[in-house]
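Below: the structure, in structure tokens.
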Amino acid sequence: MGVKDPAMGRLHIPATYIIIMILGLAWCLGLVTGLSVRTAAAETGVMGEALGMKLAKQAVKANKRWTTADHSKVDALNRDFTSGSQITEACLSCHTDASMQFEKTIHWTWRVDSEKPGIMNGKAGHAVNNFCISGNAMEDKSCLACHVGWNGVEDGVNCLNCHGGETYNYQEAFGDIQAFMGDDDPETLEIIKELQGEIKAAVKNITMPQRGHCGECHFKGGGGDGVKHGDLDTSLIKPNKMLDVHMAAEGADFTCTRCHTTVKHNIAGRLYTRPASAERKSLIQDDMATKITCESCHGTLPHTTDSKMNDHVDKVACQSCHIPAYARVNPTKMWWDWTKAGELKDGKPYSVKGEFGKPVYKSIKGEFSWDKNVQPEYFWYNGSFSNIGIKDGIDPAEIVKVSHPVGGSADPDSRIHPFKIHRGKQPYDKVNKQLVAPMLSGPNGFWSTLDMNDAITHGNKSLDVPFSGEFDYVETTYAFPITHMVAPGKNALSCEECHIRGSSRLANITDIYLPGRDKNDLLDGIGMIAVLGALFGVMLHGLGRFFTRNGKED
Amino acid sequence: MIKRMIIASALVMFTLAPLGAALAAEGPGGNKRKGKYTYRKLVKACFERGAVESASPSVSPSDKKMSEWTSIFQGKDFSAFGCDEEWAAAKDKDIQDIYAYFYSFAADSPTPATCK
């Protein structure tokens, strides 16, 4: 094998390099094609599923609901009803503790303790927001349209709000029956009979809560479809898989209660309750875990074992990549300016519709803007929010963050999470430097009088909060966590959506070094020294071998 | 004498004006509540005949103003509703009830049939 020819000896060195280059190229190609194969395989399922998918399927496979009760055969429901409370009585004749349980939950009370002494959160508490502004401790009667009771809070729990199998206007029917009573006209009696038949059929049609039940309030919060959340609107009643893999009929077809587990009518998953994520339980450990997170089903290593994505899960919420945009079907309200409210045209209140067929101006509410397919904003979030309530002081020179996520890179419970930020301008007390709660509905409400000062006087009085009589407007923000509308895996964000200079989605996450996005001269210098050092070492080694081997061969 | 006549006329006017306004506010005679169900029944019959796509009424009182409903019902031109056969067969009393329903919940009425 000894090569004596000096010419052959000279060729020997380039050939080594060529072999190394070929091997290197082959390795690179293998990596690239391997990646492609893995990506394709992950989509087609050829290589097997990611651990997170296997766990999720295992966690939810036991969810095959069945029942032993046929409500159409229950005697208590086979009678004529003339009021909502009679229906509730009939329900309670079997489900004896149901309303007692329900009346202890926030769905009934609309308030919960806060960490501030004497302050209650929730619509019936001291909370304010920057869209409808306040529930005024349930004094703003228009808010009660969403309360789960007959006639607001007057006539007990309305079980059918969540368990009724069909949409039926009971209040209208009962009102008409009452009005027709005493009328002996055969046609009127016929109408009463028909109404009683319709009510009876509706009452006997009982179901577990479906998406439409929850959505009747949660999809339409803030006064209309998609106003409030951005990731909750009526498009989720029958979503396709592109919109939401969990709720789509061709996807997992989950109802809300599949994730928002319920114990004694307490429904899990309220992010505003603190702490939001005290425990990160798997549904395999506990099918009724009280705080559902993505890893409850998908585990903490949700991607394929060799995926770099698994290294992100401790700092980046799953939603950040898997919900690339919210309001992907219906528009959501992004801006609400109360300073413009109260204008008249020809002496009368008016409204103007905009691009999405949605109102962009209403005399009774002010000016709005809407948007669709919106890229979220990202913040550190440990499951808690900081809130400004009706009794908290504000600095009107700054934009007031009425609700904002709490967290930071040093907090082990925090992750980078997507949010909708609803911006607007709303009234505040100029003297007391506090947000105010104008009464909107009713004879003294702003919607009737268009007098903001008077509306604030009545609203603040309902909350027993003093009002100086002087108000102005301040710009505010309100953060909504984005956690629904999970897209198929193939539509998740690519690396360069964040790891890129100039246009990174995480531009406002400034307290970490993000490779690709950030530049640090010291770190870059060390990296350059390492690369050049390695190159120099290889060259030195090669040259050393060349000269020593040449010497031997010679 | 002229003074007495002027005073008497003024008294009559002041007495009758609020009454007239009250009657005008009431709108047409007829049972608006019964009218709602009579209208629904009419549309349902029309649907069963196959003349409309839905058994739920597509025309709502809040679609038009009170004066527009008055014009339609007094002119007996129900083409905007479809269901010509059912309207032709309806009794005058039923039409009057339906008119009362549409007038009472018109877009410019105190209680329009839809949310704000």
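Identifiers in this document derive from the order of the structure tokens: chains are assigned A, B, ..., residues are numbered from 1 separately in each chain, and ligands are numbered from 1 in order of occurrence.
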
request  = Can you check which residues of chain A have any atom within 8 Å of chain B? Use only C-alpha atoms and format it as a PyMOL selection string.
outcome  = chain A and resi 176+188+191

Restrict the selected residues to N, CA and C atoms and save them as a tab-separated table (two decimals), in the first residue's frame.
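File written: selection-v7.tsv
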```
chain	number	residue	atom	x	y	z
A	176	ASP	N	-96.71	35.78	27.56
A	176	ASP	CA	-97.90	35.74	26.71
A	176	ASP	C	-99.01	34.91	27.35
A	188	THR	N	-107.62	32.17	21.24
A	188	THR	CA	-106.64	32.44	22.30
A	188	THR	C	-106.35	31.17	23.08
A	191	ILE	N	-104.01	29.11	21.20
A	191	ILE	CA	-102.63	29.60	21.29
A	191	ILE	C	-102.00	29.16	22.61
```

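The set of residues in segment 308-347 of chain A assigned to strand (DSSP E or B) by DSSP, using only backbone atoms of this structure, is Val316, Tyr326, Thr332, Lys333, Met334, Trp335, Trp336, Asp337 and Lys345 of chain A.
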
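When the distance limit is 10 Å and only C-alpha atoms are what count, the residues near Leu42 of chain B, minus those fewer than 3 positions from it on the same chain, are Lys36, Tyr37, Thr38, Tyr39, Ala45, Cys46, Phe47, Ala55, Pro57, Cys83, Glu85, Glu86, Trp87, Ala89, Ala90 and Asp94 of chain B.
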
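Using only C-alpha atoms, the protein and nucleic acid residues lying no more than 10 Å from Ile500 of chain A, apart from those fewer than 2 places from it along its own chain, are Cys495, Glu496, Glu497, Cys498, Gly502, Ser503, Ser504, Arg505, Leu506, Ala507, Leu514, Pro515, Gly516, Arg517 and Asp518 of chain A.
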
task = Quick one: pull the distance between atom CA of Lys73 of chain A and atom CA of Ala201 of chain A, Å, one decimal.
result = 11.5 Å

query = Got a sec: who's within 12 Å of Phe102 of chain B, counting only C-alpha atoms, leaving out chain neighbours fewer than 5 positions off, as a PyMOL selection string?
reply = chain B and resi 27-39+59-73+95-97+107-109+111-113

query = DSSP says alpha helix (DSSP H) for which residues of segment 11-116 of chain B? Put them as a VMD selection string?
reply = chain B and resid 11 to 26 32 to 48 66 to 75 84 to 89 92 to 104

Expected file contents, prior selection, C-alpha atoms, as a compact mmCIF listing (two decimals), in the first residue's frame:
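Below is the file part-v8.txt, written as the result:
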```
# COMPACT_ATOMS: atom_id res chain seq x y z
CA LEU B 11 -110.37 73.73 26.30
CA VAL B 12 -111.66 71.19 23.78
CA MET B 13 -108.28 71.19 22.02
CA PHE B 14 -106.35 70.74 25.27
CA THR B 15 -108.70 67.93 26.27
CA LEU B 16 -108.68 66.09 22.96
CA ALA B 17 -105.01 66.56 22.01
CA PRO B 18 -103.57 64.25 24.70
CA LEU B 19 -106.36 61.77 24.01
CA GLY B 20 -105.48 61.85 20.31
CA ALA B 21 -101.79 61.47 21.08
CA ALA B 22 -102.52 58.57 23.38
CA LEU B 23 -104.62 56.86 20.72
CA ALA B 24 -101.93 57.52 18.12
CA ALA B 25 -99.32 56.02 20.43
CA GLU B 26 -101.49 52.93 20.82
CA LYS B 32 -100.65 42.63 19.08
CA ARG B 33 -99.86 39.62 21.24
CA LYS B 34 -102.32 37.45 19.37
CA GLY B 35 -101.06 38.98 16.14
CA LYS B 36 -97.58 37.61 16.79
CA TYR B 37 -98.87 34.05 16.96
CA THR B 38 -101.29 34.50 14.09
CA TYR B 39 -98.39 35.75 11.97
CA ARG B 40 -96.19 32.80 12.99
CA LYS B 41 -99.05 30.43 12.17
CA LEU B 42 -99.50 32.05 8.78
CA VAL B 43 -95.80 31.64 7.93
CA LYS B 44 -95.82 28.06 9.21
CA ALA B 45 -98.72 27.20 6.92
CA CYS B 46 -96.88 28.88 4.06
CA PHE B 47 -93.75 26.81 4.84
CA GLU B 48 -95.75 23.59 4.92
CA MET B 66 -94.33 52.40 12.03
CA SER B 67 -95.36 54.59 9.09
CA GLU B 68 -94.10 52.00 6.62
CA TRP B 69 -96.10 49.21 8.28
CA THR B 70 -99.15 51.48 8.24
CA SER B 71 -98.70 52.00 4.52
CA ILE B 72 -98.34 48.25 3.87
CA PHE B 73 -101.28 47.13 6.00
CA GLN B 74 -103.64 49.92 4.97
CA GLY B 75 -102.73 49.34 1.31
CA ASP B 84 -99.86 35.49 -0.95
CA GLU B 85 -102.32 32.61 -0.57
CA GLU B 86 -102.20 32.72 3.22
CA TRP B 87 -102.59 36.51 3.32
CA ALA B 88 -105.53 36.31 0.92
CA ALA B 89 -107.21 33.69 3.09
CA ASP B 92 -109.64 40.86 8.49
CA LYS B 93 -109.51 40.51 12.26
CA ASP B 94 -106.34 38.40 12.05
CA ILE B 95 -104.69 40.89 9.70
CA GLN B 96 -105.58 43.68 12.10
CA ASP B 97 -103.93 41.73 14.95
CA ILE B 98 -100.80 41.18 12.83
CA TYR B 99 -100.79 44.88 11.92
CA ALA B 100 -100.93 45.75 15.62
CA TYR B 101 -97.99 43.43 16.27
CA PHE B 102 -95.81 44.89 13.49
CA TYR B 103 -96.69 48.48 14.39
CA SER B 104 -96.01 48.01 18.10
```

inquiry  = Please determine, counting only C-alpha atoms, which residue among A:Gly149, A:Gly52, A:Pro488, A:Gly212 has the shortest atom-to-atom distance to Thr167 of chain A.
reply    = A:Gly212

inquiry  = Give me, as a list in words, all polymer residues having an atom no more than 6 Å from Ala487 of chain A, counting only C-alpha atoms and skipping those fewer than 6 positions away in the same chain.
reply    = Met242, Leu243, Asp244, His322 and Ile323 of chain A

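Considering the residues A:Val74, A:Leu440, A:Met100, A:Ala530 and counting only C-alpha atoms, Cys159 of chain A has its shortest atom-to-atom contact with A:Met100.
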